[in-house]
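Enquirer: Here it is, the structure, as structure tokens.
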Amino acid sequence: MYVVILLGNGTLIILSILDSHLHTPMYFFLGNLSFLDICYTSTSIPSTLVSFLSKRKTISFSGCAVQMFLGLAMGTTECVLLGMMAFDRYVAICNPLRYLIIMNKNSYVTMAAGSWLSGVVNSAVQTAFVVRLPFCRNNVINHFSCEILAVMKLACADISGNEFIMLVATTLLILMPLLFIVMSYSLIVSSILKIHSSEGRSKAFSTCSAHLTVVIIFYGTILFMYMKPKSKDTLNSDGLDATDKLISMFYGVMTPMMNPLIYSLRNKDVKEALKNLLSRILICK
């Protein structure tokens with residue numbers, strides 16, 4: 001699965017760079033998303049694979065902090081970036097004549113940079129508060145990686161402050177982008193329904209269907225993971241631990257693996273770019 005993630009997302013990045021037809025805001029964001037997925041999975045999967053082969057499955061405290069920071073930063077950035085991609089689709093469908101003016105290079109580069117910055121800042125703040133907690137209990141993390149909730153469970157101090165910070169960050173950086181996505185797609189659907197030709201409606205829907213599919217899969221698992229109550233009692237539930245680990249495996253591995261397939265199978269531009277790239281390779285050989 002990790003190899004598929006690297007190959008699939010790496011191919012999308014290469015296509016978005018090499019093919020001039022993909023030098024648009026939509027594919028710039030898609031390239032960022034693919035790079036995010038590679039970074040996100042690379043923060044945890046390699047160490048997990050090593051743990052499978054080693055008898056002593058350990059990680060240093062500093063290594064755990066770095067893994068926690070990178071994983072949370074990539075996840076938060078993806079949430080915000082999906083919101084930016086929804087805005088791009090809104091402008092393309094609802095205001096097509098002004099699309100190139102609104103979504104100029106300065107605009108979409110700034111939007112992508114803002115997504116990365118928000119993820120890094122949020123992760124830095126939350127990680128800083130977690131590593132300051134006293135850890136005097138069992139040092140076994142009941143998770144595949146140093147996921148922030150699993151690490152917080154080991155603290156022998158009141159974590160209500162950390163939970164409040166997580167709730168605020170979740171509201172601002174997960175729920176707000178989700179609300180923005182819902183509003184954007186409500187306006188998009190309204191505009192599409194006004195198109196008289198069935199061919200035009202079908203084309204408009206096809207440009208949004210891939211992004212909407214990714215949003216539903218990613219946000220569905222993220223919201224279930226981070227928006228349910230995290231009291232001390234629930235944090236000590238073995239059943240909850242098993243559920244959380246399965247969910248984190250889904251959005252941490254399955255979603256990055258499916259993203260390239262979703263965008264390539266439902267996108268004629270990507271298919272055409274892939275054919276052109278393969279033909280160049282064959283000609284060179």
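FYI, nothing fancy with the structure tokens labels: chains A, B, ... in order, residues from 1 per chain, ligands from 1 as they appear.
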Contacts of Leu133 in chain A at 8 Å or less, counting only C-alpha atoms, minus same-chain residues fewer than 3 places along, as a PyMOL selection string?

Expert: chain A and resi 129-130+155-157

Enquirer: Using only C-alpha atoms, which residues sit within 10 Å of range 184-197 of chain A once same-chain residues fewer than 3 positions away are excluded, as a list in words?

Expert: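 Once the adjacent positions are removed, what remains is Gly83, Met85, Ala86, Phe87, Asp88, Arg89, Tyr90, Val91, Ala92, Ile93, Cys94, Asn95, Leu178, Leu179, Phe180, Ile181, Gly200, Arg201, Ser202, Lys203, Ala204, Phe205, Cys208 and Leu212 of chain A.
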
Enquirer: Restricting the calculation to only C-alpha atoms, which member of A:Cys64, A:Met103, A:Leu173, A:Leu18 is positioned closest to Thr127 in chain A?

Expert: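 Closest to Thr127 in chain A, using only C-alpha atoms: A:Cys64.
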
Enquirer: Distance CA of Ala65 in chain A-CA of Gln126 in chain A, one decimal place?

Expert: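 Computed distance, CA of Ala65 in chain A to CA of Gln126 in chain A, equals 10.6 Å.
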
Enquirer: Hey, what's within 12 Å of Phe61 in chain A if we count only C-alpha atoms and toss same-chain stuff fewer than 5 positions away? As an MDAnalysis selection string, please?

Expert: chainID A and resid 66:68 130:132 135 139:141 146 151

Enquirer: Create the file for the chosen residues now, containing N, CA, C and O atoms and written as a PDB file, in the first residue's frame.

Expert:
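out.pdb, freshly written:
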ATOM      1  N   VAL A  66       8.565  14.525  17.047  1.00  0.00           N
ATOM      2  CA  VAL A  66       8.707  14.912  15.634  1.00  0.00           C
ATOM      3  C   VAL A  66       7.632  14.230  14.790  1.00  0.00           C
ATOM      4  O   VAL A  66       7.003  14.859  13.928  1.00  0.00           O
ATOM      5  N   GLN A  67       7.415  12.944  15.043  1.00  0.00           N
ATOM      6  CA  GLN A  67       6.395  12.211  14.299  1.00  0.00           C
ATOM      7  C   GLN A  67       5.004  12.790  14.551  1.00  0.00           C
ATOM      8  O   GLN A  67       4.203  12.931  13.620  1.00  0.00           O
ATOM      9  N   MET A  68       4.731  13.133  15.799  1.00  0.00           N
ATOM     10  CA  MET A  68       3.447  13.723  16.163  1.00  0.00           C
ATOM     11  C   MET A  68       3.261  15.072  15.473  1.00  0.00           C
ATOM     12  O   MET A  68       2.188  15.373  14.933  1.00  0.00           O
ATOM     13  N   VAL A 130       1.649  19.257  24.365  1.00  0.00           N
ATOM     14  CA  VAL A 130       1.645  17.830  24.714  1.00  0.00           C
ATOM     15  C   VAL A 130       2.987  17.394  25.300  1.00  0.00           C
ATOM     16  O   VAL A 130       3.032  16.676  26.301  1.00  0.00           O
ATOM     17  N   VAL A 131       4.100  17.829  24.715  1.00  0.00           N
ATOM     18  CA  VAL A 131       5.416  17.386  25.198  1.00  0.00           C
ATOM     19  C   VAL A 131       5.748  17.972  26.573  1.00  0.00           C
ATOM     20  O   VAL A 131       6.643  17.466  27.256  1.00  0.00           O
ATOM     21  N   ARG A 132       5.018  19.011  26.979  1.00  0.00           N
ATOM     22  CA  ARG A 132       5.244  19.586  28.307  1.00  0.00           C
ATOM     23  C   ARG A 132       4.518  18.811  29.396  1.00  0.00           C
ATOM     24  O   ARG A 132       4.750  19.038  30.582  1.00  0.00           O
ATOM     25  N   PHE A 135       4.905  12.556  31.927  1.00  0.00           N
ATOM     26  CA  PHE A 135       4.599  11.172  31.548  1.00  0.00           C
ATOM     27  C   PHE A 135       5.251  10.237  32.553  1.00  0.00           C
ATOM     28  O   PHE A 135       6.443   9.937  32.466  1.00  0.00           O
ATOM     29  N   ASN A 139       4.774   3.555  29.506  1.00  0.00           N
ATOM     30  CA  ASN A 139       5.238   4.282  28.325  1.00  0.00           C
ATOM     31  C   ASN A 139       4.929   3.551  27.021  1.00  0.00           C
ATOM     32  O   ASN A 139       5.567   3.802  26.002  1.00  0.00           O
ATOM     33  N   VAL A 140       3.955   2.662  27.038  1.00  0.00           N
ATOM     34  CA  VAL A 140       3.568   1.931  25.833  1.00  0.00           C
ATOM     35  C   VAL A 140       2.437   2.681  25.140  1.00  0.00           C
ATOM     36  O   VAL A 140       1.352   2.854  25.701  1.00  0.00           O
ATOM     37  N   ILE A 141       2.690   3.137  23.920  1.00  0.00           N
ATOM     38  CA  ILE A 141       1.675   3.856  23.138  1.00  0.00           C
ATOM     39  C   ILE A 141       0.777   2.841  22.441  1.00  0.00           C
ATOM     40  O   ILE A 141       1.243   2.058  21.617  1.00  0.00           O
ATOM     41  N   CYS A 146       2.891   7.678  16.852  1.00  0.00           N
ATOM     42  CA  CYS A 146       2.741   8.665  17.929  1.00  0.00           C
ATOM     43  C   CYS A 146       1.616   9.632  17.576  1.00  0.00           C
ATOM     44  O   CYS A 146       1.839  10.823  17.334  1.00  0.00           O
ATOM     45  N   VAL A 151      -0.793   9.645  22.617  1.00  0.00           N
ATOM     46  CA  VAL A 151       0.276  10.142  23.484  1.00  0.00           C
ATOM     47  C   VAL A 151      -0.312  10.862  24.693  1.00  0.00           C
ATOM     48  O   VAL A 151       0.159  10.703  25.822  1.00  0.00           O
TER      49      VAL A 151
END

Enquirer: Could you check how far CA of Leu81 in chain A sits from CA of Phe29 in chain A, in Å to one decimal?

Expert: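 The value is 7.5 Å.
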
Enquirer: Leaving out Ser16 in chain A and any residue of its chain fewer than 3 positions from it, which residues lie within 12 Å of it when counting only C-alpha atoms, given as an MDAnalysis selection string?

Expert: chainID A and resid 9:13 19:35 264 269:274 277

Enquirer: Limited to C-alpha atoms, could you put the picked residues into a file as a PDB file, in the first residue's frame?

Expert:
ATOM      1  CA  ASN A   9       0.925  10.427  -5.883  1.00  0.00           C
ATOM      2  CA  GLY A  10       4.429  10.743  -7.324  1.00  0.00           C
ATOM      3  CA  THR A  11       3.028  10.214 -10.814  1.00  0.00           C
ATOM      4  CA  LEU A  12       0.420  12.941 -10.295  1.00  0.00           C
ATOM      5  CA  ILE A  13       3.121  15.368  -9.131  1.00  0.00           C
ATOM      6  CA  ASP A  19       2.444  18.573 -18.822  1.00  0.00           C
ATOM      7  CA  SER A  20       1.755  22.189 -19.774  1.00  0.00           C
ATOM      8  CA  HIS A  21      -1.991  21.480 -20.029  1.00  0.00           C
ATOM      9  CA  LEU A  22      -2.027  20.834 -16.283  1.00  0.00           C
ATOM     10  CA  HIS A  23      -0.427  24.160 -15.354  1.00  0.00           C
ATOM     11  CA  THR A  24      -3.670  25.443 -13.842  1.00  0.00           C
ATOM     12  CA  PRO A  25      -4.743  26.273 -10.263  1.00  0.00           C
ATOM     13  CA  MET A  26      -6.716  23.023  -9.968  1.00  0.00           C
ATOM     14  CA  TYR A  27      -3.715  20.834 -10.756  1.00  0.00           C
ATOM     15  CA  PHE A  28      -1.386  23.013  -8.700  1.00  0.00           C
ATOM     16  CA  PHE A  29      -3.581  22.240  -5.692  1.00  0.00           C
ATOM     17  CA  LEU A  30      -3.754  18.585  -6.737  1.00  0.00           C
ATOM     18  CA  GLY A  31       0.057  18.445  -6.857  1.00  0.00           C
ATOM     19  CA  ASN A  32       0.168  19.922  -3.354  1.00  0.00           C
ATOM     20  CA  LEU A  33      -2.370  17.342  -2.180  1.00  0.00           C
ATOM     21  CA  SER A  34      -0.312  14.496  -3.627  1.00  0.00           C
ATOM     22  CA  PHE A  35       2.854  15.821  -1.996  1.00  0.00           C
ATOM     23  CA  SER A 264      -7.015   9.895 -12.498  1.00  0.00           C
ATOM     24  CA  ASP A 269      -6.918  15.691 -18.509  1.00  0.00           C
ATOM     25  CA  VAL A 270      -4.913  13.451 -16.177  1.00  0.00           C
ATOM     26  CA  LYS A 271      -5.553  10.411 -18.378  1.00  0.00           C
ATOM     27  CA  GLU A 272      -4.384  12.310 -21.456  1.00  0.00           C
ATOM     28  CA  ALA A 273      -1.292  13.620 -19.663  1.00  0.00           C
ATOM     29  CA  LEU A 274      -0.450  10.098 -18.506  1.00  0.00           C
ATOM     30  CA  LEU A 277       4.092  10.775 -20.674  1.00  0.00           C
TER      31      LEU A 277
END

Enquirer: Name all residues at most 9 Å from Ala73 in chain A (count only C-alpha atoms; drop same-chain ones fewer than 6 positions away) and give them as a PyMOL selection string.

Expert: chain A and resi 40+116-124

Enquirer: Could you write out, as a ChimeraX atom specification, all the residues of range 1-202 of chain A that DSSP marks as helix (DSSP H, G or I)?

Expert: /A:2-18,20-22,25-42,45-53,61-94,96-102,105-131,148-152,160-193,198-202

Enquirer: With only C-alpha atoms as the basis for distance, which of A:Thr243, A:Ser145, A:Thr76, A:Asn267 is at the shortest distance from Ser42 in chain A?

Expert: A:Ser145

Enquirer: Show me, as a list of chain:residue names, the residues that have an atom within 10 Å of range 43-51 of chain A when counting only C-alpha atoms, minus same-chain residues fewer than 6 positions from it.

Expert: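 Returned residues: A:Met1, A:Tyr2, A:Lys57, A:Thr58, A:Ile59, A:Val66, A:Gln67, A:Met68, A:Phe69, A:Leu70, A:Gly71, A:Leu72, A:Met74, A:Phe144, A:Ser145, A:Cys146, A:Glu147, A:Met249, A:Gly252, A:Val253.
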
Enquirer: Give me the residues near Met254 in chain A as a PyMOL selection string, where near means some atom within 12 Å (using only C-alpha atoms) and where sequence neighbours in that chain fewer than 4 positions away do not count.

Expert: chain A and resi 1-2+4-5+37+40-41+45+214+217-218+221+246-250+258-262
